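Peer 1: I'm passing along work35.cif; it holds mmCIF, C-alpha atoms.
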```
data_target
#
loop_
_atom_site.label_atom_id
_atom_site.label_comp_id
_atom_site.auth_asym_id
_atom_site.auth_seq_id
_atom_site.Cartn_x
_atom_site.Cartn_y
_atom_site.Cartn_z
CA GLU A 1 19.86 14.49 12.50
CA ALA A 2 23.01 13.36 10.74
CA GLU A 3 25.20 15.49 13.00
CA GLU A 4 23.50 14.05 16.07
CA ARG A 5 24.20 10.52 14.90
CA LEU A 6 27.79 11.02 13.75
CA PRO A 7 29.88 14.22 13.95
CA ALA A 8 31.07 15.72 10.70
CA ALA A 9 34.61 14.82 9.66
CA PRO A 10 37.35 17.12 11.01
CA GLU A 11 39.10 19.36 8.52
CA ASP A 12 42.17 17.13 8.38
CA PHE A 13 40.00 14.40 6.84
CA ASP A 14 39.04 16.74 3.99
CA PRO A 15 41.68 19.48 3.88
CA GLY A 16 40.69 20.58 0.38
CA ASN A 17 37.02 21.03 1.40
CA THR A 18 35.93 18.83 -1.55
CA GLY A 19 33.00 17.21 0.20
CA TYR A 20 34.67 13.78 -0.02
CA ILE A 21 36.84 11.73 2.32
CA SER A 22 38.58 8.42 1.77
CA THR A 23 36.68 5.25 2.67
CA GLY A 24 39.50 4.33 5.04
CA LYS A 25 39.10 7.53 7.02
CA PHE A 26 35.34 7.10 6.90
CA ARG A 27 35.72 3.65 8.46
CA SER A 28 37.87 5.08 11.23
CA LEU A 29 35.16 7.65 11.96
CA LEU A 30 32.57 4.86 12.14
CA GLU A 31 34.69 2.86 14.54
CA SER A 32 35.32 5.82 16.84
CA HIS A 33 31.62 6.72 17.00
CA SER A 34 30.03 3.27 16.63
CA SER A 35 28.44 3.42 20.08
CA LYS A 36 26.22 6.29 18.89
CA LEU A 37 24.81 4.34 15.93
CA ASP A 38 22.23 1.60 15.68
CA PRO A 39 24.13 -1.58 14.76
CA HIS A 40 22.20 -2.10 11.54
CA LYS A 41 22.65 1.54 10.52
CA ARG A 42 26.38 1.03 11.00
CA GLU A 43 26.18 -1.98 8.65
CA VAL A 44 24.52 0.17 6.00
CA LEU A 45 27.22 2.80 6.33
CA LEU A 46 29.91 0.14 5.99
CA ALA A 47 28.13 -1.19 2.94
CA LEU A 48 28.13 2.31 1.51
CA ALA A 49 31.88 2.60 2.09
CA ASP A 50 32.51 -0.82 0.50
CA SER A 51 30.54 0.13 -2.61
CA HIS A 52 32.81 3.02 -3.63
CA ALA A 53 35.49 1.56 -5.83
CA ASP A 54 37.17 4.95 -6.19
CA GLY A 55 38.02 4.94 -2.49
CA GLN A 56 36.04 8.10 -1.68
CA ILE A 57 32.67 8.79 -0.10
CA GLY A 58 30.66 12.02 -0.25
CA TYR A 59 29.20 13.76 2.77
CA GLN A 60 25.93 14.17 0.84
CA ASP A 61 25.59 10.38 0.60
CA PHE A 62 25.90 10.18 4.36
CA VAL A 63 23.27 12.90 4.89
CA SER A 64 20.94 11.17 2.41
CA LEU A 65 21.21 7.95 4.37
CA MET A 66 20.57 9.50 7.76
CA SER A 67 17.60 11.54 6.49
CA ASN A 68 15.92 8.54 4.78
CA LYS A 69 16.20 10.20 1.33
CA ARG A 70 17.76 7.41 -0.65
CA SER A 71 18.03 7.66 -4.44
CA ASN A 72 18.18 4.78 -6.91
CA SER A 73 21.96 5.09 -7.33
CA PHE A 74 22.39 5.22 -3.56
CA ARG A 75 20.28 2.08 -3.12
CA GLN A 76 22.33 0.23 -5.73
CA ALA A 77 25.52 1.23 -3.95
CA ILE A 78 24.17 -0.09 -0.67
CA LEU A 79 23.10 -3.39 -2.24
CA GLN A 80 26.48 -3.86 -3.90
CA GLY A 81 28.32 -3.13 -0.67
CA ASN A 82 25.97 -5.34 1.31
CA ARG A 83 27.07 -8.40 -0.65
CA ARG A 84 30.41 -8.13 1.13
CA LEU A 85 28.90 -8.00 4.62
CA SER A 86 29.05 -11.19 6.66
CA SER A 87 26.86 -10.21 9.62
CA LYS A 88 24.03 -12.51 10.64
CA ALA A 89 20.48 -12.05 9.41
CA LEU A 90 17.92 -10.20 11.50
CA LEU A 91 15.96 -13.44 11.86
CA GLU A 92 18.87 -15.03 13.76
CA GLU A 93 19.04 -12.40 16.48
CA LYS A 94 18.04 -13.62 19.94
CA GLY A 95 16.70 -12.05 23.12
CA LEU A 96 14.18 -9.75 21.44
CA SER A 97 11.16 -8.38 23.28
CA LEU A 98 7.61 -9.04 22.11
CA SER A 99 7.38 -5.68 20.33
CA GLN A 100 10.76 -6.23 18.66
CA ARG A 101 9.65 -9.66 17.44
CA LEU A 102 6.45 -8.11 16.05
CA ILE A 103 8.43 -5.46 14.15
CA ARG A 104 10.80 -8.13 12.85
CA HIS A 105 7.82 -10.25 11.75
CA VAL A 106 6.31 -7.30 9.85
CA ALA A 107 9.67 -6.66 8.18
CA TYR A 108 9.90 -10.24 6.94
CA GLU A 109 6.27 -10.19 5.83
CA THR A 110 6.65 -7.16 3.57
CA LEU A 111 10.28 -6.46 2.62
CA PRO A 112 12.35 -8.62 0.23
CA ARG A 113 15.85 -7.29 1.04
CA GLU A 114 17.70 -8.00 4.27
CA ILE A 115 19.31 -4.55 4.32
CA ASP A 116 15.85 -2.93 4.15
CA ARG A 117 14.51 -5.26 6.84
CA LYS A 118 17.32 -4.23 9.19
CA TRP A 119 16.83 -0.57 8.33
CA TYR A 120 13.10 -0.81 9.08
CA TYR A 121 13.72 -2.73 12.29
CA ASP A 122 16.01 0.02 13.60
CA SER A 123 13.90 2.93 12.33
CA TYR A 124 10.34 1.95 13.26
CA THR A 125 9.00 3.79 16.31
CA CYS A 126 5.21 3.23 16.00
CA CYS A 127 4.83 7.00 15.84
CA PRO A 128 2.49 7.53 14.18
CA PRO A 129 0.74 4.14 14.44
CA PRO A 130 -1.01 2.59 11.40
CA TRP A 131 -3.99 4.88 11.87
CA PHE A 132 -5.32 5.01 8.31
CA MET A 133 -6.32 1.37 7.84
CA ILE A 134 -7.60 1.10 11.40
CA THR A 135 -9.70 4.26 11.06
CA VAL A 136 -11.19 3.19 7.73
CA THR A 137 -12.00 -0.25 9.12
CA LEU A 138 -13.70 1.16 12.23
CA LEU A 139 -15.77 3.54 10.11
CA GLU A 140 -16.87 0.72 7.81
CA VAL A 141 -17.92 -1.42 10.78
CA ALA A 142 -19.75 1.51 12.41
CA PHE A 143 -21.71 2.35 9.23
CA PHE A 144 -22.56 -1.31 8.74
CA LEU A 145 -23.92 -1.67 12.27
CA TYR A 146 -25.92 1.53 11.92
CA ASN A 147 -27.47 0.34 8.64
CA GLY A 148 -28.08 -3.09 10.09
CA VAL A 149 -30.06 -1.62 12.97
CA SER A 150 -31.98 0.85 10.79
CA LEU A 151 -32.84 -1.81 8.17
CA GLY A 152 -33.29 -4.64 10.66
CA GLN A 153 -31.06 -6.84 8.51
CA PHE A 154 -27.37 -7.80 8.72
CA VAL A 155 -27.03 -10.68 6.24
CA LEU A 156 -27.37 -9.64 2.58
CA GLN A 157 -28.38 -6.11 3.55
CA VAL A 158 -28.21 -5.23 -0.13
CA THR A 159 -31.45 -7.13 -0.78
CA HIS A 160 -33.45 -4.79 1.47
CA PRO A 161 -35.76 -2.54 -0.62
CA ARG A 162 -34.54 0.61 1.19
CA TYR A 163 -30.83 -0.20 0.94
CA LEU A 164 -30.05 2.03 -2.07
CA LYS A 165 -31.70 5.07 -0.49
CA ASN A 166 -28.54 5.68 1.53
CA SER A 167 -26.68 8.79 0.34
CA LEU A 168 -23.30 7.01 0.46
CA VAL A 169 -24.05 4.41 -2.23
CA TYR A 170 -22.90 5.02 -5.80
CA HIS A 171 -25.95 4.97 -8.07
CA PRO A 172 -25.76 5.62 -11.84
CA GLN A 173 -28.65 8.09 -11.74
CA LEU A 174 -26.84 10.07 -9.04
CA ARG A 175 -23.34 9.94 -10.54
CA ALA A 176 -23.15 13.75 -10.57
CA GLN A 177 -22.89 13.59 -6.76
CA VAL A 178 -19.15 13.06 -6.87
CA TRP A 179 -18.70 12.05 -3.23
CA ARG A 180 -20.44 8.76 -4.02
CA TYR A 181 -17.41 7.61 -6.05
CA LEU A 182 -15.57 7.37 -2.73
CA THR A 183 -18.13 7.03 0.07
CA TYR A 184 -19.57 3.79 -1.29
CA ILE A 185 -16.80 1.96 0.63
CA PHE A 186 -18.77 2.50 3.86
CA MET A 187 -21.72 0.47 2.56
CA HIS A 188 -21.42 -3.32 2.31
CA ALA A 189 -23.72 -5.95 0.83
CA GLY A 190 -23.86 -7.84 4.11
CA ILE A 191 -21.84 -9.14 7.00
CA GLU A 192 -20.30 -11.77 4.71
CA HIS A 193 -19.02 -8.97 2.44
CA LEU A 194 -17.79 -6.75 5.27
CA GLY A 195 -16.12 -9.64 7.13
CA LEU A 196 -13.67 -10.60 4.39
CA ASN A 197 -12.80 -6.98 3.57
CA VAL A 198 -12.10 -6.20 7.23
CA VAL A 199 -9.92 -9.29 7.66
CA LEU A 200 -7.86 -8.46 4.56
CA GLN A 201 -7.54 -4.79 5.51
CA LEU A 202 -6.20 -5.68 8.94
CA LEU A 203 -3.99 -8.64 8.01
CA VAL A 204 -2.50 -7.06 4.87
CA GLY A 205 -3.19 -3.32 5.05
CA VAL A 206 -1.96 -2.67 8.61
CA PRO A 207 1.49 -4.32 8.17
CA LEU A 208 1.93 -2.54 4.84
CA GLU A 209 1.07 0.79 6.47
CA MET A 210 3.53 0.08 9.32
CA VAL A 211 6.31 -0.30 6.73
CA HIS A 212 5.38 2.16 3.97
CA GLY A 213 3.40 4.74 5.93
CA ALA A 214 -0.16 6.03 5.84
CA THR A 215 0.45 8.40 2.92
CA ARG A 216 1.62 5.77 0.45
CA ILE A 217 -0.77 3.01 1.52
CA GLY A 218 -3.65 5.47 1.73
CA LEU A 219 -2.82 6.63 -1.79
CA VAL A 220 -2.96 3.09 -3.17
CA TYR A 221 -6.16 2.33 -1.26
CA VAL A 222 -8.01 5.48 -2.33
CA ALA A 223 -6.77 5.12 -5.92
CA GLY A 224 -8.20 1.58 -5.96
CA VAL A 225 -11.52 2.81 -4.54
CA VAL A 226 -11.90 5.59 -7.11
CA ALA A 227 -10.76 3.35 -9.97
CA GLY A 228 -13.34 0.78 -8.88
CA SER A 229 -16.33 3.11 -9.03
CA LEU A 230 -15.15 4.73 -12.26
CA ALA A 231 -14.64 1.29 -13.83
CA VAL A 232 -18.24 0.41 -12.94
CA SER A 233 -19.50 3.67 -14.44
CA VAL A 234 -17.77 2.74 -17.71
CA ALA A 235 -18.17 -1.05 -17.94
CA ASP A 236 -21.37 -1.74 -15.97
CA MET A 237 -23.26 1.48 -16.47
CA THR A 238 -26.63 0.56 -14.97
CA ALA A 239 -25.36 -0.93 -11.70
CA PRO A 240 -24.72 0.66 -8.31
CA VAL A 241 -21.54 0.05 -6.28
CA VAL A 242 -20.99 -0.75 -2.60
CA GLY A 243 -18.14 -2.08 -0.47
CA SER A 244 -14.43 -1.40 -0.02
CA SER A 245 -13.30 -4.22 -2.30
CA GLY A 246 -11.69 -1.81 -4.78
CA GLY A 247 -9.26 -0.52 -2.15
CA VAL A 248 -8.76 -3.93 -0.53
CA TYR A 249 -8.03 -5.66 -3.83
CA ALA A 250 -5.56 -2.90 -4.73
CA LEU A 251 -3.54 -3.52 -1.56
CA VAL A 252 -3.73 -7.32 -1.66
CA SER A 253 -2.93 -7.51 -5.38
CA ALA A 254 0.07 -5.21 -4.92
CA HIS A 255 1.32 -7.29 -1.98
CA LEU A 256 0.91 -10.62 -3.78
CA ALA A 257 2.54 -9.27 -6.93
CA ASN A 258 5.45 -7.94 -4.86
CA ILE A 259 5.93 -11.38 -3.29
CA VAL A 260 5.94 -13.09 -6.70
CA MET A 261 8.35 -10.57 -8.21
CA ASN A 262 10.72 -10.95 -5.23
CA TRP A 263 10.09 -14.62 -4.52
CA SER A 264 13.63 -15.57 -3.51
CA GLY A 265 14.06 -12.51 -1.30
CA MET A 266 10.75 -12.77 0.59
CA LYS A 267 11.33 -14.81 3.75
CA CYS A 268 7.79 -14.96 5.15
CA GLN A 269 6.81 -18.44 6.32
CA PHE A 270 4.59 -20.71 4.22
CA LYS A 271 4.40 -18.05 1.51
CA LEU A 272 3.12 -20.43 -1.18
CA LEU A 273 0.34 -21.77 1.05
CA ARG A 274 -0.61 -18.31 2.22
CA MET A 275 -0.71 -16.96 -1.32
CA ALA A 276 -2.98 -19.84 -2.29
CA VAL A 277 -5.31 -19.12 0.65
CA ALA A 278 -5.40 -15.40 -0.19
CA LEU A 279 -6.20 -16.11 -3.84
CA ILE A 280 -8.92 -18.58 -2.86
CA CYS A 281 -10.51 -16.02 -0.49
CA MET A 282 -10.35 -13.30 -3.12
CA SER A 283 -11.83 -15.64 -5.74
CA MET A 284 -14.68 -16.65 -3.42
CA GLU A 285 -15.46 -13.00 -2.67
CA PHE A 286 -15.32 -12.13 -6.37
CA GLY A 287 -17.56 -15.11 -7.16
CA ARG A 288 -20.05 -13.97 -4.53
CA ALA A 289 -20.09 -10.49 -6.09
CA VAL A 290 -20.68 -11.91 -9.60
CA TRP A 291 -23.49 -14.15 -8.33
CA LEU A 292 -25.13 -11.25 -6.51
CA ARG A 293 -24.88 -8.97 -9.55
CA PHE A 294 -26.94 -11.35 -11.70
CA HIS A 295 -29.27 -12.54 -8.95
CA PRO A 296 -32.87 -11.27 -9.36
CA SER A 297 -32.90 -7.77 -7.95
CA ALA A 298 -34.76 -6.77 -4.80
CA TYR A 299 -35.43 -3.33 -6.32
CA PRO A 300 -36.12 -3.78 -10.07
CA PRO A 301 -35.33 -2.44 -12.58
CA CYS A 302 -32.09 -1.49 -10.79
CA PRO A 303 -29.73 -4.48 -10.59
CA HIS A 304 -27.74 -5.49 -7.55
CA PRO A 305 -24.28 -3.86 -7.07
CA SER A 306 -21.58 -4.49 -9.65
CA PHE A 307 -18.48 -6.67 -9.29
CA VAL A 308 -16.35 -4.57 -11.67
CA ALA A 309 -14.94 -2.47 -8.80
CA HIS A 310 -12.88 -5.50 -7.78
CA LEU A 311 -11.18 -5.50 -11.17
CA GLY A 312 -10.47 -1.77 -10.96
CA GLY A 313 -8.76 -2.35 -7.63
CA VAL A 314 -6.62 -5.17 -9.03
CA ALA A 315 -5.52 -2.95 -11.93
CA VAL A 316 -4.35 -0.25 -9.50
CA GLY A 317 -2.62 -2.82 -7.29
CA ILE A 318 -0.48 -4.37 -10.02
CA THR A 319 0.55 -0.94 -11.36
CA LEU A 320 0.76 1.91 -8.85
CA GLY A 321 0.68 -0.44 -5.87
CA VAL A 322 3.63 -2.56 -6.99
CA VAL A 323 5.81 0.51 -7.58
CA VAL A 324 5.04 1.77 -4.07
CA LEU A 325 5.78 -1.57 -2.37
CA ARG A 326 8.96 -2.22 -4.36
CA ASN A 327 10.49 1.11 -3.37
CA TYR A 328 10.69 1.11 0.40
CA GLU A 329 12.11 4.44 1.58
CA GLN A 330 12.91 5.41 -2.03
CA ARG A 331 11.68 8.64 -3.61
CA LEU A 332 8.81 7.70 -5.89
CA GLN A 333 9.45 10.75 -8.05
CA ASP A 334 12.78 9.16 -9.04
CA GLN A 335 11.06 6.08 -10.47
CA SER A 336 10.20 6.26 -14.16
CA LEU A 337 7.59 3.50 -13.76
CA TRP A 338 5.84 5.59 -11.14
CA TRP A 339 5.30 8.45 -13.57
CA ILE A 340 4.22 6.06 -16.33
CA PHE A 341 1.55 4.49 -14.14
CA VAL A 342 0.47 7.86 -12.73
CA ALA A 343 0.01 9.07 -16.31
CA MET A 344 -1.99 5.94 -17.18
CA TYR A 345 -4.19 6.38 -14.10
CA THR A 346 -4.75 10.06 -14.90
CA VAL A 347 -5.73 9.24 -18.49
CA PHE A 348 -8.19 6.63 -17.24
CA VAL A 349 -9.76 9.05 -14.75
CA LEU A 350 -10.13 11.75 -17.39
CA PHE A 351 -11.60 9.25 -19.85
CA ALA A 352 -14.09 8.04 -17.23
CA VAL A 353 -15.10 11.61 -16.36
CA PHE A 354 -15.83 12.46 -20.00
CA TRP A 355 -17.56 9.11 -20.40
CA ASN A 356 -19.87 9.90 -17.50
CA ILE A 357 -20.63 13.33 -18.94
CA PHE A 358 -21.33 12.36 -22.54
CA ALA A 359 -21.65 8.60 -23.07
CA TYR A 360 -24.88 8.04 -21.17
CA THR A 361 -26.66 10.57 -23.38
CA LEU A 362 -25.03 9.52 -26.65
CA LEU A 363 -25.81 5.85 -26.07
CA ASP A 364 -29.40 6.71 -25.07
CA LEU A 365 -29.03 4.28 -22.19
CA LYS A 366 -32.09 3.63 -20.06
CA LEU A 367 -30.99 3.91 -16.45
CA PRO A 368 -32.94 2.65 -13.44
CA PRO A 369 -34.84 5.39 -11.62
CA PRO A 370 -33.15 7.05 -8.64
CA PRO A 371 -33.80 5.32 -5.34
#
```
Would you mind writing the file out in structure tokens?

Peer 2:
Amino acid sequence: EAEERLPAAPEDFDPGNTGYISTGKFRSLLESHSSKLDPHKREVLLALADSHADGQIGYQDFVSLMSNKRSNSFRQAILQGNRRLSSKALLEEKGLSLSQRLIRHVAYETLPREIDRKWYYDSYTCCPPPWFMITVTLLEVAFFLYNGVSLGQFVLQVTHPRYLKNSLVYHPQLRAQVWRYLTYIFMHAGIEHLGLNVVLQLLVGVPLEMVHGATRIGLVYVAGVVAGSLAVSVADMTAPVVGSSGGVYALVSAHLANIVMNWSGMKCQFKLLRMAVALICMSMEFGRAVWLRFHPSAYPPCPHPSFVAHLGGVAVGITLGVVVLRNYEQRLQDQSLWWIFVAMYTVFVLFAVFWNIFAYTLLDLKLPPPP
């Protein structure tokens, strides 16, 4: 790909075959082949040249840039060089098509650095599209409609006596059926529960997936879902779990934390007001879950579903999620914080597994009967 974008330097640029050429010669190569490069990619290459105080640039740095494999040291070099660029911001560019304006809007919604926004704007091709969040959302809506028809109830479905009989719901008596720790996201307490989760998944999850990809966003989402059900099995041992709030809260918490940590760099409009609205919506949903948990149960002695999954999602969002969102196009394996939080998450999962195997018996806890 690098050779298609810009031919390798002739031998007279590097007669000693050292793998380095002078920044001056590198600039002349850029100028002679600038028509073959995206304008913002050319800016990044110029920034890379400006960042090398020793006057030399390595061919490997160039290949790393063109193949989207940027290391921490490479990113720092780009940021240092970018301070000397005087080109206008992406937001000031005129004559963009509707799709270009949408991509630019997503860039400003999610990325705190102008150089990354320009890189994303030039690189995004909508191939593949943000399929993960859309697929999960459609499945959740489909399962909800199916349950609504079969139960004859759409509002507060969770109060129906037959609601917990569904094989997707996490139930403490059936915790050995490991798929329930994940499939509970396809069951929601009612249309009021589903509605907010769907809105947040589409408004926050889809733009994040467009920028960071299905693999990274799917990882954060699924980690939040699993952490949510495991947290319930440890902290609220007699309660079932339903809803995708664990995954949703992981994504939204990571996004909000990323905005706060990069406040000056984030250029999304009305960010303070929108953060306040998001926090209010999340608080109302959490309050609804707490109220429902302690509301007299429709199927005693089993209580209504727990609210602790929300907290598990938040914990994943402000740890693993923040590292993912703060490192656009960076190798996560190069981030020490990533490995620290992965280790913490692994320890928690192992602790929860052993807790589910031994604690229920040791504590002689009386669980509600299976549905």

Peer 1: Kindly provide the residues of region 235-287 of chain A that approach region 163-184 of chain A to within 7 Å, each paired with its closest atom pair and their distance in Å to one decimal, based on all atoms listed in the file, listed by chain and increasing number, as JSON lines.

Peer 2:
```
{"residue": "A:Met237", "atom": "CA", "partner": "A:Pro172", "partner_atom": "CA", "distance": 6.7}
{"residue": "A:Thr238", "atom": "CA", "partner": "A:Pro172", "partner_atom": "CA", "distance": 6.0}
{"residue": "A:Ala239", "atom": "CA", "partner": "A:Pro172", "partner_atom": "CA", "distance": 6.6}
{"residue": "A:Pro240", "atom": "CA", "partner": "A:His171", "partner_atom": "CA", "distance": 4.5}
{"residue": "A:Val241", "atom": "CA", "partner": "A:Tyr170", "partner_atom": "CA", "distance": 5.2}
{"residue": "A:Val242", "atom": "CA", "partner": "A:Tyr184", "partner_atom": "CA", "distance": 4.9}
{"residue": "A:Gly243", "atom": "CA", "partner": "A:Tyr184", "partner_atom": "CA", "distance": 6.1}
```

Peer 1: Can those selected residues be exported to a file as a CSV table (one decimal), in the coordinates of the input so that it contains C-alpha atoms?

Peer 2:
```csv
chain,number,residue,atom,x,y,z
A,237,MET,CA,-23.3,1.5,-16.5
A,238,THR,CA,-26.6,0.6,-15.0
A,239,ALA,CA,-25.4,-0.9,-11.7
A,240,PRO,CA,-24.7,0.7,-8.3
A,241,VAL,CA,-21.5,0.0,-6.3
A,242,VAL,CA,-21.0,-0.8,-2.6
A,243,GLY,CA,-18.1,-2.1,-0.5
```

Peer 1: Counting all atoms listed in the file, which residues come within 8 Å of (-3.2, -1.1, -5.9), with the point read in the file's coordinates, and could you list them as a ChimeraX atom specification?

Peer 2: /A:220-221,223-224,247,249-254,313-322

Peer 1: As a check of understanding, name the residues that the PyMOL selection byres ((chain A and resi 301) around 12) selects in the supplied structure, as a list in words.

Peer 2: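 Checking the PyMOL selection byres ((chain A and resi 301) around 12) against this file, the residues are Pro161, Thr238, Ala239, Pro240, Pro296, Ser297, Ala298, Tyr299, Pro300, Cys302, Pro303, His304, Lys366, Leu367, Pro368, Pro369, Pro370 and Pro371 of chain A.
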
Peer 1: Looking at A:Trp355, A:Phe348, A:Phe270, A:Phe132, which one is nearest to Arg216 (chain A), with distances taken over only C-alpha atoms?

Peer 2: A:Phe132

Peer 1: Please indicate the distance in Å from CA of Asn258 (chain A) to CA of Trp339 (chain A), rounded to one decimal place.

Peer 2: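 CA of Trp339 (chain A) lies 18.6 Å from CA of Asn258 (chain A).
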
Peer 1: Using all atoms listed in the file, which of the listed residues (A:Val106, A:Val347, A:Ala142, A:Leu90) sits closest to Cys268 (chain A)?

Peer 2: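 Nearest to Cys268 (chain A): A:Val106.
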
Peer 1: Enter the distance from CA of Leu350 (chain A) to CA of Ala227 (chain A), in Å, rounded to one decimal.

Peer 2: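 A separation of 11.2 Å between them.
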
Peer 1: Do you have the CA of Gly205 (chain A)-CA of Thr137 (chain A) distance handy?

Peer 2: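 One can read the CA of Gly205 (chain A) to CA of Thr137 (chain A) distance as 10.2 Å.
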
Peer 1: Which residues of region 153-255 of chain A come within 10 Å of region 108-127 of chain A, and for each one, what is the closest pair of atoms and their distance in Å to one decimal, counting only C-alpha atoms, sorted by chain and residue number, as a tab-separated table?

Peer 2:
```
residue	atom	partner	partner_atom	distance
A:Val204	CA	A:Thr110	CA	9.2
A:Pro207	CA	A:Thr110	CA	7.5
A:Leu208	CA	A:Thr110	CA	6.7
A:Met210	CA	A:Cys126	CA	7.6
A:Val211	CA	A:Tyr120	CA	7.2
A:His212	CA	A:Thr110	CA	9.4
A:His255	CA	A:Thr110	CA	7.7
```

Peer 1: List the residues sitting within 12 Å of (-6.7, -7.2, 8.8) in the file's frame, using only C-alpha atoms, as a PDB file with C-alpha atoms, in the coordinates of the input.

Peer 2:
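What landed in point_24.pdb:
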```pdb
ATOM      1  CA  PRO A 130      -1.010   2.590  11.400  1.00  0.00           C
ATOM      2  CA  MET A 133      -6.320   1.370   7.840  1.00  0.00           C
ATOM      3  CA  ILE A 134      -7.600   1.100  11.400  1.00  0.00           C
ATOM      4  CA  VAL A 136     -11.190   3.190   7.730  1.00  0.00           C
ATOM      5  CA  THR A 137     -12.000  -0.250   9.120  1.00  0.00           C
ATOM      6  CA  LEU A 138     -13.700   1.160  12.230  1.00  0.00           C
ATOM      7  CA  LEU A 194     -17.790  -6.750   5.270  1.00  0.00           C
ATOM      8  CA  GLY A 195     -16.120  -9.640   7.130  1.00  0.00           C
ATOM      9  CA  LEU A 196     -13.670 -10.600   4.390  1.00  0.00           C
ATOM     10  CA  ASN A 197     -12.800  -6.980   3.570  1.00  0.00           C
ATOM     11  CA  VAL A 198     -12.100  -6.200   7.230  1.00  0.00           C
ATOM     12  CA  VAL A 199      -9.920  -9.290   7.660  1.00  0.00           C
ATOM     13  CA  LEU A 200      -7.860  -8.460   4.560  1.00  0.00           C
ATOM     14  CA  GLN A 201      -7.540  -4.790   5.510  1.00  0.00           C
ATOM     15  CA  LEU A 202      -6.200  -5.680   8.940  1.00  0.00           C
ATOM     16  CA  LEU A 203      -3.990  -8.640   8.010  1.00  0.00           C
ATOM     17  CA  VAL A 204      -2.500  -7.060   4.870  1.00  0.00           C
ATOM     18  CA  GLY A 205      -3.190  -3.320   5.050  1.00  0.00           C
ATOM     19  CA  VAL A 206      -1.960  -2.670   8.610  1.00  0.00           C
ATOM     20  CA  PRO A 207       1.490  -4.320   8.170  1.00  0.00           C
ATOM     21  CA  LEU A 208       1.930  -2.540   4.840  1.00  0.00           C
ATOM     22  CA  GLU A 209       1.070   0.790   6.470  1.00  0.00           C
ATOM     23  CA  VAL A 248      -8.760  -3.930  -0.530  1.00  0.00           C
ATOM     24  CA  LEU A 251      -3.540  -3.520  -1.560  1.00  0.00           C
ATOM     25  CA  VAL A 252      -3.730  -7.320  -1.660  1.00  0.00           C
TER      26      VAL A 252
END
```

Peer 1: Using all atoms listed in the file, find the one residue out of A:Leu272, A:Ser22, A:Asp236, A:Met187 that sits nearest to Phe294 (chain A).

Peer 2: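 Looking at the shortest contact to Phe294 (chain A), the residue is A:Asp236.
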